[in-house]
Amino acid sequence: MGVNLSGRSFLKLLDFTPAEITYLIDLADDFKRLKRTGTPHRYLEGKNIVLLFEKTSTRTRCSFEVSGMDLGMGVTYLDPGSSQMGKKESIEDTARVLGRMYDGIEYRGFAQEIVEDLARNAGVPVWNGLTTEFHPTQMIADMMTIREKLGRLKGLNFTFMGDAGNNVGNSLMVVCAKLGLNFTACGPAAQMPDAELVETCRSIAAENGCTVTLTEDFDAGTRDADVIYTDIWVSMGEPDSLWAERIKLLKPYQVNAAAMANAKPTAIFMHCLPSFHDTKTTIGAEIAEKFGLTEMEVTDEVFESAQSVVFDEAENRMHSIKAVMYATLK
C-alpha cells in the first residue's frame with residue numbers, strides 16, 4: 001500500500017511510521033533533482049500558506065518561502081510583531097481564522113502545545129518549523145543528507161554531542177530510532193533528553209533493530225561513529241545568563257579533531273546551524289571577550305574540513321520542506 005499523507009499535519013516524528021518518514025526523504029530527493037535540473041514543479045498552483053514565526057530563522061524561513069513559491073503557492077510571512085496570536089487573540093481563534101484563509105500553516109516558536117493547538121483548530125495541515133521540544137523538518141533534511149553521503153541509514157552509528165536534551169537532540173533520537181540508526185547522546189547528565197522520551201525511543205529502536213545509548217564518556221561516545229552531530233550550547237529563546245554554566249558543562253564535548261579521529265575514517269560532521277566555530281558573529285566575539293573561548297560547540301578545523309557536510313545539510317532543508325508541504329497538501 002502506498003503512503004498517503006494528504007491533509008495531515010507535521011508536528012513531530014513520533015506521529016509517523018518509518019515508511020512515512022522514508023517516503024518524505026525519497027520525495028525530497030525527487031524535488032532536489034527537479035530543482036537542480038531547472039524542471040518546473042508548480043504542483044500546488046493556487047494554494048496559499050502562512051508562516052508564523054515567533055522565533056526568527058534564516059534556513060527555516062527561506063526554505064518555506066522558496067519551496068512554497070517553487071510549488072506555485074502564495075506565501076505570507078508573519079513575524080512576532082505582525083500577529084496578535086497569543087496576545088489579543090487566542091491560539092484557537094487564530095487557527096480558526098487562518099484556516100479559512102490559507103491551505104497550510106507553518107509555526108516556529110515555543111511550546112509544542114502551541115503547534116498542537118493550532119493543528120487541532122485550523123482545519124488545514126500545520127507544520128512544525130521548530131518548537132522547544134521538537135524540530136521535525138530538520139530531521140528529514142538530516143537523514144536525506146546522511147543517505148546522500150553514506151549511501152544508507154539503517155545500521156549506522158550516530159552520535160549527538162553536547163546538549164542532547166534540546167529540540168534537535170530529542171528529534172534526532174526519535175528519527176534514528178524510527179529508521180534503524182544506533183543513536184548515542186554524548187554529553188553531561190544534566191543535558192540529556194527527558195527520561196520518558198528516552199524509554200519511548202528505546203522501545204521504538206528495539207522494533208527497528210537499533211539502540212539508544214546515553215553516555216558522559218567522550219571516547220566511548222565518539223568511537224566508531226559514522227555521523228557526529230552537534231548544536232549550539234544555548235538555544236534561541238534561552239537567557240544569555242546560561243552561557244557561563246553551559247560552557248563549563250559542554251566544553252568537554254566540543255567536536256574537535258580528537259572526536260573525528262575517534263570516529264570512523266568515513267565519518268561526516270553535521271550541524272543544523274548557525275554555528276559558533278569562530279568569532280565572526282556578535283555572540284562569538286562577545287563569548288571570546290568574556291570567556292576567552294574562540295570556538296564553541298565545534299572547532300573551525302572540523303567545521304571547515306572535508307568531513308563537514310553542513311552546507312549540503314542546509315540546502316536540503318529546502319528540498320525536505322518542499323516534500324513535507326507537497327505530501328500534506330496534494
# chains A, B, ... in the order shown; residues from 1 in each chain; ligands from 1

$ residues_around --residues "segment 183-187 of chain A" --least-positions-apart "6" --cutoff "8 Å" --atoms "only C-alpha atoms" --output "list in words"
Asn157, Phe158, Thr159, Phe160, Met161, Gly162, Asp163, Ala164, Gly169, Met173, Cys176, Ala177, Cys210, Thr211, Val212, Thr213, Leu214, Thr215, Glu216, Asp217, Phe218, Gly221, Thr222, Leu250 and Tyr253 of chain A

$ closest_atom_pairs --of "segment 94-203 of chain A" --to "segment 45-49 of chain A" --cutoff "9 Å" --atoms "only C-alpha atoms" --output "JSON lines"
{"residue": "A:Met101", "atom": "CA", "partner": "A:Asn48", "partner_atom": "CA", "distance": 8.0}
{"residue": "A:Tyr102", "atom": "CA", "partner": "A:Asn48", "partner_atom": "CA", "distance": 5.2}
{"residue": "A:Asp103", "atom": "CA", "partner": "A:Asn48", "partner_atom": "CA", "distance": 5.5}
{"residue": "A:Gly104", "atom": "CA", "partner": "A:Ile49", "partner_atom": "CA", "distance": 4.8}
{"residue": "A:Ile105", "atom": "CA", "partner": "A:Ile49", "partner_atom": "CA", "distance": 5.8}
{"residue": "A:Glu106", "atom": "CA", "partner": "A:Ile49", "partner_atom": "CA", "distance": 7.7}

$ atom_distance --atom1 "atom CA of Ala261 of chain A" --atom2 "atom CA of Phe303 of chain A"
14.1 Å

$ atom_distance --atom1 "atom CA of Val124 of chain A" --atom2 "atom CA of Ser6 of chain A"
10.2 Å

$ atom_distance --atom1 "atom CA of Glu295 of chain A" --atom2 "atom CA of Val309 of chain A"
18.4 Å

$ closest_residue --among "A:Leu51, A:Ile247, A:Ile232, A:Met270" --to "Ala306 of chain A" --atoms "only C-alpha atoms"
A:Met270

$ closest_residue --among "A:Thr145, A:Ser57, A:Ser67, A:Asn128" --to "Pro80 of chain A" --atoms "only C-alpha atoms"
A:Ser57

$ residues_around --residues "Ser305 of chain A" --least-positions-apart "4" --cutoff "10 Å" --atoms "only C-alpha atoms" --output "number ranges by chain"
A: 257, 268-269, 299-301, 309

$ select_by_dssp --residues "segment 34-104 of chain A" --states "strand (DSSP E)" --output "JSON, numbers by chain"
{"A": [48, 49, 50, 51, 52, 53, 74, 75, 76, 77, 78, 104]}

$ closest_residue --among "A:Glu89, A:Trp233, A:Leu24, A:Gly165" --to "Asp194 of chain A" --atoms "only C-alpha atoms"
A:Gly165

$ closest_residue --among "A:Leu13, A:Leu27, A:Arg8, A:Ala314" --to "Cys201 of chain A" --atoms "only C-alpha atoms"
A:Leu13

$ residues_around --residues "segment 262-267 of chain A" --least-positions-apart "5" --cutoff "7 Å" --atoms "only C-alpha atoms" --output "VMD selection string"
chain A and resid 222 to 227 307

$ write_last_selection --atoms "all heavy atoms" --output "mmCIF file, in the first residue's frame"
data_model
loop_
_atom_site.group_PDB
_atom_site.id
_atom_site.type_symbol
_atom_site.label_atom_id
_atom_site.label_comp_id
_atom_site.auth_asym_id
_atom_site.auth_seq_id
_atom_site.Cartn_x
_atom_site.Cartn_y
_atom_site.Cartn_z
ATOM 1 N N THR A 222 32.159 8.826 20.924
ATOM 2 C CA THR A 222 32.585 9.123 19.554
ATOM 3 C C THR A 222 33.180 7.915 18.835
ATOM 4 O O THR A 222 33.335 7.943 17.616
ATOM 5 C CB THR A 222 33.626 10.261 19.552
ATOM 6 O OG1 THR A 222 34.730 9.897 20.403
ATOM 7 C CG2 THR A 222 33.014 11.562 20.051
ATOM 8 N N ARG A 223 33.489 6.854 19.576
ATOM 9 C CA ARG A 223 34.172 5.706 18.982
ATOM 10 C C ARG A 223 33.345 5.052 17.879
ATOM 11 O O ARG A 223 32.180 4.719 18.063
ATOM 12 C CB ARG A 223 34.496 4.672 20.067
ATOM 13 C CG ARG A 223 35.386 3.519 19.574
ATOM 14 C CD ARG A 223 35.731 2.577 20.707
ATOM 15 N NE ARG A 223 36.410 3.300 21.789
ATOM 16 C CZ ARG A 223 35.999 3.292 23.056
ATOM 17 N NH1 ARG A 223 34.922 2.596 23.398
ATOM 18 N NH2 ARG A 223 36.660 3.969 23.969
ATOM 19 N N ASP A 224 33.950 4.905 16.706
ATOM 20 C CA ASP A 224 33.346 4.225 15.553
ATOM 21 C C ASP A 224 32.059 4.886 15.061
ATOM 22 O O ASP A 224 31.228 4.244 14.409
ATOM 23 C CB ASP A 224 33.080 2.748 15.867
ATOM 24 C CG ASP A 224 34.366 1.963 16.045
ATOM 25 O OD1 ASP A 224 35.370 2.314 15.400
ATOM 26 O OD2 ASP A 224 34.366 0.999 16.836
ATOM 27 N N ALA A 225 31.895 6.175 15.337
ATOM 28 C CA ALA A 225 30.709 6.884 14.840
ATOM 29 C C ALA A 225 30.784 7.070 13.331
ATOM 30 O O ALA A 225 31.852 7.334 12.772
ATOM 31 C CB ALA A 225 30.581 8.236 15.527
ATOM 32 N N ASP A 226 29.658 6.910 12.664
ATOM 33 C CA ASP A 226 29.548 7.239 11.240
ATOM 34 C C ASP A 226 29.167 8.705 11.048
ATOM 35 O O ASP A 226 29.493 9.306 10.023
ATOM 36 C CB ASP A 226 28.474 6.371 10.578
ATOM 37 C CG ASP A 226 28.860 4.914 10.530
ATOM 38 O OD1 ASP A 226 29.770 4.567 9.756
ATOM 39 O OD2 ASP A 226 28.263 4.103 11.282
ATOM 40 N N VAL A 227 28.435 9.235 12.026
ATOM 41 C CA VAL A 227 27.985 10.625 11.988
ATOM 42 C C VAL A 227 28.223 11.242 13.363
ATOM 43 O O VAL A 227 27.860 10.647 14.376
ATOM 44 C CB VAL A 227 26.477 10.730 11.658
ATOM 45 C CG1 VAL A 227 26.044 12.193 11.605
ATOM 46 C CG2 VAL A 227 26.137 10.010 10.363
ATOM 47 N N GLN A 307 35.186 16.567 5.956
ATOM 48 C CA GLN A 307 34.177 15.710 6.581
ATOM 49 C C GLN A 307 32.890 16.471 6.921
ATOM 50 O O GLN A 307 31.860 15.859 7.190
ATOM 51 C CB GLN A 307 34.742 15.080 7.855
ATOM 52 C CG GLN A 307 35.817 14.033 7.594
ATOM 53 C CD GLN A 307 36.452 13.535 8.878
ATOM 54 O OE1 GLN A 307 37.245 14.242 9.498
ATOM 55 N NE2 GLN A 307 36.110 12.324 9.287
#

$ closest_residue --among "A:Asn182, A:Thr230, A:Thr137, A:Ser203" --to "Ala259 of chain A" --atoms "only C-alpha atoms"
A:Thr230

$ residues_around --residues "Phe110 of chain A" --least-positions-apart "2" --cutoff "7 Å" --atoms "only C-alpha atoms" --output "list in words"
Gln112, Thr131 and Thr132 of chain A

$ closest_residue --among "A:Met73, A:Val174, A:Ala220, A:Leu52" --to "Met139 of chain A" --atoms "only C-alpha atoms"
A:Val174

$ decode --residues "segment 65-190 of chain A" --atoms "C-alpha atoms" --output "PDB file, in the first residue's frame"
ATOM      1  CA  GLU A  65       9.310  30.665   1.212  1.00  0.00           C
ATOM      2  CA  VAL A  66      11.352  29.326  -1.717  1.00  0.00           C
ATOM      3  CA  SER A  67       9.669  25.918  -1.533  1.00  0.00           C
ATOM      4  CA  GLY A  68       6.224  27.481  -1.456  1.00  0.00           C
ATOM      5  CA  MET A  69       6.975  29.660  -4.474  1.00  0.00           C
ATOM      6  CA  ASP A  70       8.609  26.784  -6.383  1.00  0.00           C
ATOM      7  CA  LEU A  71       5.411  24.795  -5.847  1.00  0.00           C
ATOM      8  CA  GLY A  72       3.339  27.718  -7.177  1.00  0.00           C
ATOM      9  CA  MET A  73       1.848  28.837  -3.883  1.00  0.00           C
ATOM     10  CA  GLY A  74       1.286  32.276  -2.399  1.00  0.00           C
ATOM     11  CA  VAL A  75       3.303  32.773   0.795  1.00  0.00           C
ATOM     12  CA  THR A  76       2.573  35.160   3.690  1.00  0.00           C
ATOM     13  CA  TYR A  77       5.208  35.681   6.394  1.00  0.00           C
ATOM     14  CA  LEU A  78       4.153  36.928   9.831  1.00  0.00           C
ATOM     15  CA  ASP A  79       6.945  37.832  12.238  1.00  0.00           C
ATOM     16  CA  PRO A  80       6.470  38.163  16.025  1.00  0.00           C
ATOM     17  CA  GLY A  81       5.178  41.727  15.671  1.00  0.00           C
ATOM     18  CA  SER A  82       2.764  41.037  12.808  1.00  0.00           C
ATOM     19  CA  SER A  83       0.255  38.769  14.527  1.00  0.00           C
ATOM     20  CA  GLN A  84      -1.979  39.045  17.572  1.00  0.00           C
ATOM     21  CA  MET A  85      -1.687  35.299  18.260  1.00  0.00           C
ATOM     22  CA  GLY A  86      -1.483  34.675  21.987  1.00  0.00           C
ATOM     23  CA  LYS A  87      -1.693  38.397  22.773  1.00  0.00           C
ATOM     24  CA  LYS A  88      -5.053  39.847  21.713  1.00  0.00           C
ATOM     25  CA  GLU A  89      -6.269  36.624  20.108  1.00  0.00           C
ATOM     26  CA  SER A  90      -6.100  33.080  21.412  1.00  0.00           C
ATOM     27  CA  ILE A  91      -4.203  30.329  19.613  1.00  0.00           C
ATOM     28  CA  GLU A  92      -7.511  28.588  18.930  1.00  0.00           C
ATOM     29  CA  ASP A  93      -9.138  31.668  17.373  1.00  0.00           C
ATOM     30  CA  THR A  94      -6.036  32.473  15.322  1.00  0.00           C
ATOM     31  CA  ALA A  95      -6.045  28.934  13.958  1.00  0.00           C
ATOM     32  CA  ARG A  96      -9.711  29.078  13.012  1.00  0.00           C
ATOM     33  CA  VAL A  97      -9.243  32.401  11.194  1.00  0.00           C
ATOM     34  CA  LEU A  98      -6.088  31.424   9.318  1.00  0.00           C
ATOM     35  CA  GLY A  99      -7.504  28.017   8.420  1.00  0.00           C
ATOM     36  CA  ARG A 100     -10.282  29.764   6.481  1.00  0.00           C
ATOM     37  CA  MET A 101      -7.811  31.874   4.520  1.00  0.00           C
ATOM     38  CA  TYR A 102      -4.876  29.529   3.951  1.00  0.00           C
ATOM     39  CA  ASP A 103      -4.330  25.956   2.799  1.00  0.00           C
ATOM     40  CA  GLY A 104      -1.456  25.345   5.217  1.00  0.00           C
ATOM     41  CA  ILE A 105       0.127  26.939   8.292  1.00  0.00           C
ATOM     42  CA  GLU A 106       3.751  26.807   9.457  1.00  0.00           C
ATOM     43  CA  TYR A 107       4.623  27.622  13.075  1.00  0.00           C
ATOM     44  CA  ARG A 108       8.077  28.261  14.533  1.00  0.00           C
ATOM     45  CA  GLY A 109       8.223  29.250  18.167  1.00  0.00           C
ATOM     46  CA  PHE A 110       7.959  27.986  21.683  1.00  0.00           C
ATOM     47  CA  ALA A 111       5.976  25.175  23.366  1.00  0.00           C
ATOM     48  CA  GLN A 112       4.978  22.096  21.373  1.00  0.00           C
ATOM     49  CA  GLU A 113       1.486  22.543  22.766  1.00  0.00           C
ATOM     50  CA  ILE A 114       1.089  25.726  20.668  1.00  0.00           C
ATOM     51  CA  VAL A 115       1.648  23.965  17.338  1.00  0.00           C
ATOM     52  CA  GLU A 116      -0.520  21.049  18.511  1.00  0.00           C
ATOM     53  CA  ASP A 117      -3.273  23.536  19.434  1.00  0.00           C
ATOM     54  CA  LEU A 118      -3.015  25.192  16.021  1.00  0.00           C
ATOM     55  CA  ALA A 119      -3.374  21.814  14.322  1.00  0.00           C
ATOM     56  CA  ARG A 120      -6.416  20.864  16.411  1.00  0.00           C
ATOM     57  CA  ASN A 121      -8.273  24.012  15.390  1.00  0.00           C
ATOM     58  CA  ALA A 122      -7.059  25.091  11.935  1.00  0.00           C
ATOM     59  CA  GLY A 123      -8.775  22.501   9.752  1.00  0.00           C
ATOM     60  CA  VAL A 124      -5.745  22.564   7.396  1.00  0.00           C
ATOM     61  CA  PRO A 125      -2.272  20.982   7.648  1.00  0.00           C
ATOM     62  CA  VAL A 126       0.036  22.623  10.200  1.00  0.00           C
ATOM     63  CA  TRP A 127       3.837  22.190  10.008  1.00  0.00           C
ATOM     64  CA  ASN A 128       6.226  22.464  12.921  1.00  0.00           C
ATOM     65  CA  GLY A 129       9.149  24.697  11.907  1.00  0.00           C
ATOM     66  CA  LEU A 130      10.620  24.344  15.422  1.00  0.00           C
ATOM     67  CA  THR A 131       9.325  24.231  18.970  1.00  0.00           C
ATOM     68  CA  THR A 132      11.080  23.994  22.303  1.00  0.00           C
ATOM     69  CA  GLU A 133      10.648  20.209  22.254  1.00  0.00           C
ATOM     70  CA  PHE A 134      10.978  19.138  18.598  1.00  0.00           C
ATOM     71  CA  HIS A 135      12.364  20.159  15.183  1.00  0.00           C
ATOM     72  CA  PRO A 136      10.939  17.580  12.729  1.00  0.00           C
ATOM     73  CA  THR A 137      11.573  19.329   9.391  1.00  0.00           C
ATOM     74  CA  GLN A 138      15.287  19.445  10.215  1.00  0.00           C
ATOM     75  CA  MET A 139      15.262  15.665  10.623  1.00  0.00           C
ATOM     76  CA  ILE A 140      14.082  14.932   7.088  1.00  0.00           C
ATOM     77  CA  ALA A 141      16.926  17.093   5.757  1.00  0.00           C
ATOM     78  CA  ASP A 142      19.428  15.434   8.083  1.00  0.00           C
ATOM     79  CA  MET A 143      18.503  11.879   7.136  1.00  0.00           C
ATOM     80  CA  MET A 144      18.432  12.863   3.465  1.00  0.00           C
ATOM     81  CA  THR A 145      21.968  14.250   3.801  1.00  0.00           C
ATOM     82  CA  ILE A 146      23.298  11.172   5.610  1.00  0.00           C
ATOM     83  CA  ARG A 147      21.871   8.859   2.939  1.00  0.00           C
ATOM     84  CA  GLU A 148      23.378  11.028   0.182  1.00  0.00           C
ATOM     85  CA  LYS A 149      26.819  10.946   1.774  1.00  0.00           C
ATOM     86  CA  LEU A 150      26.979   7.423   3.247  1.00  0.00           C
ATOM     87  CA  GLY A 151      24.594   5.531   0.983  1.00  0.00           C
ATOM     88  CA  ARG A 152      22.305   4.162   3.694  1.00  0.00           C
ATOM     89  CA  LEU A 153      20.713   4.851   7.063  1.00  0.00           C
ATOM     90  CA  LYS A 154      19.942   1.581   8.811  1.00  0.00           C
ATOM     91  CA  GLY A 155      22.784   0.276  10.978  1.00  0.00           C
ATOM     92  CA  LEU A 156      24.824   3.490  11.045  1.00  0.00           C
ATOM     93  CA  ASN A 157      26.260   4.782  14.333  1.00  0.00           C
ATOM     94  CA  PHE A 158      25.008   8.305  15.034  1.00  0.00           C
ATOM     95  CA  THR A 159      26.413  10.450  17.868  1.00  0.00           C
ATOM     96  CA  PHE A 160      24.978  13.739  19.095  1.00  0.00           C
ATOM     97  CA  MET A 161      27.486  15.759  21.145  1.00  0.00           C
ATOM     98  CA  GLY A 162      26.622  18.308  23.817  1.00  0.00           C
ATOM     99  CA  ASP A 163      23.141  19.499  24.779  1.00  0.00           C
ATOM    100  CA  ALA A 164      21.317  16.303  23.833  1.00  0.00           C
ATOM    101  CA  GLY A 165      18.126  17.334  25.624  1.00  0.00           C
ATOM    102  CA  ASN A 166      17.296  20.215  23.290  1.00  0.00           C
ATOM    103  CA  ASN A 167      14.758  20.067  20.444  1.00  0.00           C
ATOM    104  CA  VAL A 168      17.333  18.881  17.902  1.00  0.00           C
ATOM    105  CA  GLY A 169      18.711  16.183  20.215  1.00  0.00           C
ATOM    106  CA  ASN A 170      15.201  14.970  21.013  1.00  0.00           C
ATOM    107  CA  SER A 171      14.212  14.811  17.363  1.00  0.00           C
ATOM    108  CA  LEU A 172      17.416  13.083  16.261  1.00  0.00           C
ATOM    109  CA  MET A 173      16.891  10.407  18.897  1.00  0.00           C
ATOM    110  CA  VAL A 174      13.351   9.824  17.601  1.00  0.00           C
ATOM    111  CA  VAL A 175      14.270   9.690  13.903  1.00  0.00           C
ATOM    112  CA  CYS A 176      17.267   7.422  14.490  1.00  0.00           C
ATOM    113  CA  ALA A 177      15.092   5.006  16.468  1.00  0.00           C
ATOM    114  CA  LYS A 178      12.474   5.052  13.708  1.00  0.00           C
ATOM    115  CA  LEU A 179      14.934   4.496  10.853  1.00  0.00           C
ATOM    116  CA  GLY A 180      17.298   1.999  12.458  1.00  0.00           C
ATOM    117  CA  LEU A 181      20.368   4.113  13.277  1.00  0.00           C
ATOM    118  CA  ASN A 182      22.195   3.437  16.552  1.00  0.00           C
ATOM    119  CA  PHE A 183      21.807   6.721  18.447  1.00  0.00           C
ATOM    120  CA  THR A 184      24.249   7.901  21.110  1.00  0.00           C
ATOM    121  CA  ALA A 185      23.776  11.044  23.174  1.00  0.00           C
ATOM    122  CA  CYS A 186      27.221  12.100  24.424  1.00  0.00           C
ATOM    123  CA  GLY A 187      27.160  14.877  26.988  1.00  0.00           C
ATOM    124  CA  PRO A 188      26.707  15.758  30.651  1.00  0.00           C
ATOM    125  CA  ALA A 189      23.900  14.070  32.596  1.00  0.00           C
ATOM    126  CA  ALA A 190      22.248  17.462  33.191  1.00  0.00           C
TER     127      ALA A 190
END
